[in-house]
Amino acid sequence: MKMSFFLVTVVMVSGIAAAQDLHPHPWRTDRAFLAAVAFDAATTGLDGWATTGCSVERWSPWLYGRHIGAGRVAAVSAIQLAGEVGAAVWLRRRGGGGGRWGRWMAVAGLAGAGGGHLAGGLHDLTGRYPCR
């Protein structure tokens with residue numbers, strides 16, 4: 001009796017497992033997307049590092065407050081990066097209705113955001129009033 005129950009259970013579980021597709025969408029490495037994420041992360045870090053050397057933030061003083069601190073800059077940079085990457089992942093997965101434009105819009109959005117951080121970091125380093 002125990003053996004037949006065990007056999008029936010094994011057959012049922014294996015049948016259910018075989019009927020379901022365990023990996024409907026296998027993960028494939030998207031090099032352009034990963035490169036855009038890396039570029040955005042690097043430029044966000046550069047912008048945060050350059051901003052910590054400033055005594056006065058000229059571009060967005062409401063974001064950092066009157067006194068710029070390393071902790072506040074790190075928190076703002078982390079939140080910005082998480083928001084940008086989160087939006088890009090959402091756009092990459094759900095944008096375009098199954099087409100490819102969502103993927104490329106995600107890459108373009110990350111590259112644009114990274115370009116903005118790069119411009120801000122370079123402005124802080126070498127602008128009219130350099131901070132470092």
# chains A, B, ... in the order shown; residues from 1 in each chain; ligands from 1

$ closest_atom_pairs --of "stretch 22-77 of chain A" --to "stretch 100-121 of chain A" --cutoff "10 Å" --atoms "only C-alpha atoms" --output "JSON lines"
{"residue": "A:Asp30", "atom": "CA", "partner": "A:Arg103", "partner_atom": "CA", "distance": 9.3}
{"residue": "A:Ala32", "atom": "CA", "partner": "A:Val107", "partner_atom": "CA", "distance": 6.9}
{"residue": "A:Phe33", "atom": "CA", "partner": "A:Val107", "partner_atom": "CA", "distance": 5.5}
{"residue": "A:Leu34", "atom": "CA", "partner": "A:Val107", "partner_atom": "CA", "distance": 8.7}
{"residue": "A:Ala35", "atom": "CA", "partner": "A:Val107", "partner_atom": "CA", "distance": 8.6}
{"residue": "A:Ala36", "atom": "CA", "partner": "A:Leu110", "partner_atom": "CA", "distance": 5.7}
{"residue": "A:Val37", "atom": "CA", "partner": "A:Leu110", "partner_atom": "CA", "distance": 6.5}
{"residue": "A:Ala38", "atom": "CA", "partner": "A:Gly114", "partner_atom": "CA", "distance": 9.3}
{"residue": "A:Phe39", "atom": "CA", "partner": "A:Gly114", "partner_atom": "CA", "distance": 6.3}
{"residue": "A:Asp40", "atom": "CA", "partner": "A:Gly114", "partner_atom": "CA", "distance": 4.2}
{"residue": "A:Ala41", "atom": "CA", "partner": "A:Gly114", "partner_atom": "CA", "distance": 7.5}
{"residue": "A:Ala42", "atom": "CA", "partner": "A:Gly114", "partner_atom": "CA", "distance": 8.0}
{"residue": "A:Thr43", "atom": "CA", "partner": "A:Leu118", "partner_atom": "CA", "distance": 5.2}
{"residue": "A:Thr44", "atom": "CA", "partner": "A:His117", "partner_atom": "CA", "distance": 5.5}
{"residue": "A:Gly45", "atom": "CA", "partner": "A:His117", "partner_atom": "CA", "distance": 8.5}
{"residue": "A:Leu46", "atom": "CA", "partner": "A:Gly121", "partner_atom": "CA", "distance": 5.8}
{"residue": "A:Asp47", "atom": "CA", "partner": "A:Gly121", "partner_atom": "CA", "distance": 4.0}
{"residue": "A:Gly48", "atom": "CA", "partner": "A:Gly121", "partner_atom": "CA", "distance": 7.4}
{"residue": "A:Trp49", "atom": "CA", "partner": "A:Gly121", "partner_atom": "CA", "distance": 7.9}
{"residue": "A:Ala50", "atom": "CA", "partner": "A:Gly121", "partner_atom": "CA", "distance": 5.5}
{"residue": "A:Thr51", "atom": "CA", "partner": "A:Gly121", "partner_atom": "CA", "distance": 7.1}
{"residue": "A:Trp59", "atom": "CA", "partner": "A:Gly120", "partner_atom": "CA", "distance": 8.2}
{"residue": "A:Ser77", "atom": "CA", "partner": "A:His117", "partner_atom": "CA", "distance": 9.8}

$ residues_around --residues "A:Tyr64" --least-positions-apart "2" --cutoff "12 Å" --atoms "only C-alpha atoms" --output "compact mmCIF listing (two decimals) with all heavy atoms, in the first residue's frame"
# COMPACT_ATOMS: atom_id res chain seq x y z
N GLY A 48 28.02 62.33 -7.88
CA GLY A 48 27.94 62.39 -6.43
C GLY A 48 29.27 62.75 -5.79
O GLY A 48 29.34 63.54 -4.86
N THR A 51 29.95 66.37 -6.40
CA THR A 51 29.04 67.24 -5.64
C THR A 51 29.44 67.33 -4.18
O THR A 51 29.24 68.37 -3.54
CB THR A 51 27.60 66.72 -5.77
OG1 THR A 51 27.26 66.69 -7.16
CG2 THR A 51 26.62 67.61 -5.05
N THR A 52 30.04 66.27 -3.62
CA THR A 52 30.43 66.33 -2.20
C THR A 52 31.51 67.36 -1.96
O THR A 52 31.65 67.84 -0.83
CB THR A 52 30.93 64.96 -1.70
OG1 THR A 52 31.99 64.51 -2.52
CG2 THR A 52 29.82 63.96 -1.67
N CYS A 54 31.53 70.32 -3.26
CA CYS A 54 30.95 71.65 -3.41
C CYS A 54 30.48 72.18 -2.06
O CYS A 54 29.97 71.44 -1.23
CB CYS A 54 29.76 71.63 -4.36
SG CYS A 54 30.18 71.19 -6.05
N SER A 55 30.64 73.47 -1.87
CA SER A 55 30.10 74.10 -0.67
C SER A 55 28.68 74.59 -0.94
O SER A 55 27.87 74.69 -0.02
CB SER A 55 30.98 75.25 -0.22
OG SER A 55 31.09 76.20 -1.26
N VAL A 56 28.37 74.88 -2.19
CA VAL A 56 27.04 75.33 -2.59
C VAL A 56 26.66 74.58 -3.87
O VAL A 56 27.43 74.58 -4.83
CB VAL A 56 27.01 76.85 -2.84
CG1 VAL A 56 25.65 77.28 -3.35
CG2 VAL A 56 27.38 77.62 -1.60
N GLU A 57 25.50 73.98 -3.86
CA GLU A 57 25.00 73.31 -5.06
C GLU A 57 24.23 74.32 -5.89
O GLU A 57 23.25 74.90 -5.42
CB GLU A 57 24.10 72.13 -4.68
CG GLU A 57 23.40 71.47 -5.82
CD GLU A 57 24.32 70.77 -6.80
OE1 GLU A 57 25.45 70.43 -6.43
OE2 GLU A 57 23.90 70.57 -7.95
N ARG A 58 24.66 74.55 -7.12
CA ARG A 58 24.04 75.57 -7.95
C ARG A 58 22.92 75.02 -8.83
O ARG A 58 22.00 75.74 -9.18
CB ARG A 58 25.09 76.24 -8.81
CG ARG A 58 26.03 77.09 -7.99
CD ARG A 58 27.14 77.67 -8.84
NE ARG A 58 28.07 78.43 -8.03
CZ ARG A 58 29.06 77.91 -7.35
NH1 ARG A 58 29.27 76.62 -7.38
NH2 ARG A 58 29.86 78.67 -6.64
N TRP A 59 22.99 73.75 -9.21
CA TRP A 59 22.00 73.22 -10.15
C TRP A 59 20.71 72.84 -9.46
O TRP A 59 19.64 73.07 -9.98
CB TRP A 59 22.58 72.02 -10.89
CG TRP A 59 23.50 72.40 -12.00
CD1 TRP A 59 24.15 73.59 -12.14
CD2 TRP A 59 23.87 71.62 -13.11
NE1 TRP A 59 24.92 73.58 -13.25
CE2 TRP A 59 24.77 72.37 -13.88
CE3 TRP A 59 23.57 70.34 -13.52
CZ2 TRP A 59 25.33 71.90 -15.04
CZ3 TRP A 59 24.13 69.88 -14.68
CH2 TRP A 59 25.01 70.65 -15.44
N SER A 60 20.78 72.19 -8.31
CA SER A 60 19.56 71.78 -7.61
C SER A 60 19.75 71.90 -6.10
O SER A 60 19.91 70.91 -5.39
CB SER A 60 19.19 70.35 -7.98
OG SER A 60 20.27 69.49 -7.71
N PRO A 61 19.73 73.12 -5.58
CA PRO A 61 19.94 73.29 -4.14
C PRO A 61 18.79 72.73 -3.30
O PRO A 61 18.99 72.36 -2.15
CB PRO A 61 20.07 74.80 -3.97
CG PRO A 61 19.41 75.39 -5.16
CD PRO A 61 19.59 74.40 -6.26
N TRP A 62 17.60 72.62 -3.85
CA TRP A 62 16.47 72.06 -3.11
C TRP A 62 16.66 70.58 -2.86
O TRP A 62 16.09 70.02 -1.92
CB TRP A 62 15.16 72.32 -3.84
CG TRP A 62 15.13 71.71 -5.21
CD1 TRP A 62 15.54 72.30 -6.37
CD2 TRP A 62 14.72 70.39 -5.55
NE1 TRP A 62 15.40 71.42 -7.42
CE2 TRP A 62 14.89 70.24 -6.94
CE3 TRP A 62 14.22 69.32 -4.83
CZ2 TRP A 62 14.59 69.07 -7.61
CZ3 TRP A 62 13.91 68.14 -5.50
CH2 TRP A 62 14.09 68.04 -6.87
N ARG A 66 20.89 73.24 2.13
CA ARG A 66 21.86 74.33 2.24
C ARG A 66 23.28 73.83 2.48
O ARG A 66 24.24 74.39 2.01
CB ARG A 66 21.46 75.29 3.33
CG ARG A 66 20.21 76.05 3.02
CD ARG A 66 19.89 77.00 4.16
NE ARG A 66 18.68 77.72 3.88
CZ ARG A 66 18.64 78.95 3.40
NH1 ARG A 66 19.76 79.59 3.14
NH2 ARG A 66 17.50 79.54 3.18
N HIS A 67 23.40 72.76 3.27
CA HIS A 67 24.72 72.22 3.60
C HIS A 67 24.84 70.83 2.98
O HIS A 67 24.16 69.91 3.40
CB HIS A 67 24.91 72.16 5.12
CG HIS A 67 24.72 73.48 5.78
ND1 HIS A 67 25.62 74.51 5.64
CD2 HIS A 67 23.72 73.95 6.56
CE1 HIS A 67 25.19 75.56 6.32
NE2 HIS A 67 24.03 75.25 6.89
N ILE A 68 25.71 70.70 2.03
CA ILE A 68 25.87 69.44 1.32
C ILE A 68 26.72 68.50 2.17
O ILE A 68 27.83 68.84 2.57
CB ILE A 68 26.54 69.67 -0.05
CG1 ILE A 68 25.67 70.57 -0.90
CG2 ILE A 68 26.77 68.35 -0.75
CD1 ILE A 68 26.30 70.99 -2.19
N GLY A 69 26.19 67.32 2.45
CA GLY A 69 26.92 66.32 3.21
C GLY A 69 27.09 65.05 2.39
O GLY A 69 26.31 64.79 1.45
N ALA A 70 28.09 64.27 2.71
CA ALA A 70 28.36 63.06 1.95
C ALA A 70 27.21 62.06 2.07
O ALA A 70 26.86 61.38 1.10
CB ALA A 70 29.66 62.42 2.43
N GLY A 71 26.61 61.95 3.24
CA GLY A 71 25.50 61.02 3.43
C GLY A 71 24.29 61.39 2.60
O GLY A 71 23.65 60.53 1.99
N ARG A 72 23.96 62.68 2.55
CA ARG A 72 22.82 63.12 1.77
C ARG A 72 23.07 62.93 0.28
O ARG A 72 22.19 62.51 -0.46
CB ARG A 72 22.52 64.58 2.08
CG ARG A 72 21.27 65.08 1.37
CD ARG A 72 20.96 66.49 1.75
NE ARG A 72 20.43 66.49 3.10
CZ ARG A 72 19.95 67.57 3.68
NH1 ARG A 72 19.95 68.72 3.05
NH2 ARG A 72 19.47 67.52 4.91
N VAL A 73 24.29 63.23 -0.16
CA VAL A 73 24.62 63.04 -1.58
C VAL A 73 24.57 61.56 -1.95
O VAL A 73 24.05 61.20 -3.01
CB VAL A 73 26.01 63.65 -1.90
CG1 VAL A 73 26.45 63.27 -3.30
CG2 VAL A 73 25.96 65.16 -1.76
N ALA A 74 25.06 60.70 -1.08
CA ALA A 74 25.02 59.26 -1.36
C ALA A 74 23.58 58.76 -1.41
O ALA A 74 23.23 57.95 -2.28
CB ALA A 74 25.81 58.51 -0.30
N ALA A 75 22.74 59.23 -0.50
CA ALA A 75 21.34 58.80 -0.50
C ALA A 75 20.61 59.27 -1.76
O ALA A 75 19.87 58.50 -2.39
CB ALA A 75 20.63 59.33 0.75
N VAL A 76 20.83 60.53 -2.14
CA VAL A 76 20.18 61.06 -3.34
C VAL A 76 20.68 60.33 -4.58
O VAL A 76 19.89 59.97 -5.46
CB VAL A 76 20.43 62.58 -3.45
CG1 VAL A 76 20.05 63.11 -4.82
CG2 VAL A 76 19.66 63.31 -2.37
N SER A 77 21.97 60.07 -4.66
CA SER A 77 22.51 59.35 -5.82
C SER A 77 21.96 57.93 -5.90
O SER A 77 21.63 57.45 -6.99
CB SER A 77 24.04 59.30 -5.75
OG SER A 77 24.58 60.59 -5.80

$ atom_distance --atom1 "atom CA of A:Ile79" --atom2 "atom CA of A:Arg94"
22.0 Å

$ atom_distance --atom1 "atom CA of A:Cys131" --atom2 "atom CA of A:Gly65"
16.4 Å

$ select_by_dssp --residues "stretch 20-90 of chain A" --states "helix (DSSP H, G or I)" --output "JSON, numbers by chain"
{"A": [31, 32, 33, 34, 35, 36, 37, 38, 39, 40, 41, 42, 43, 44, 45, 46, 47, 48, 49, 50, 51, 52, 61, 62, 63, 64, 70, 71, 72, 73, 74, 75, 76, 77, 78, 79, 80, 81, 82, 83, 84, 85, 86, 87, 88, 89, 90]}
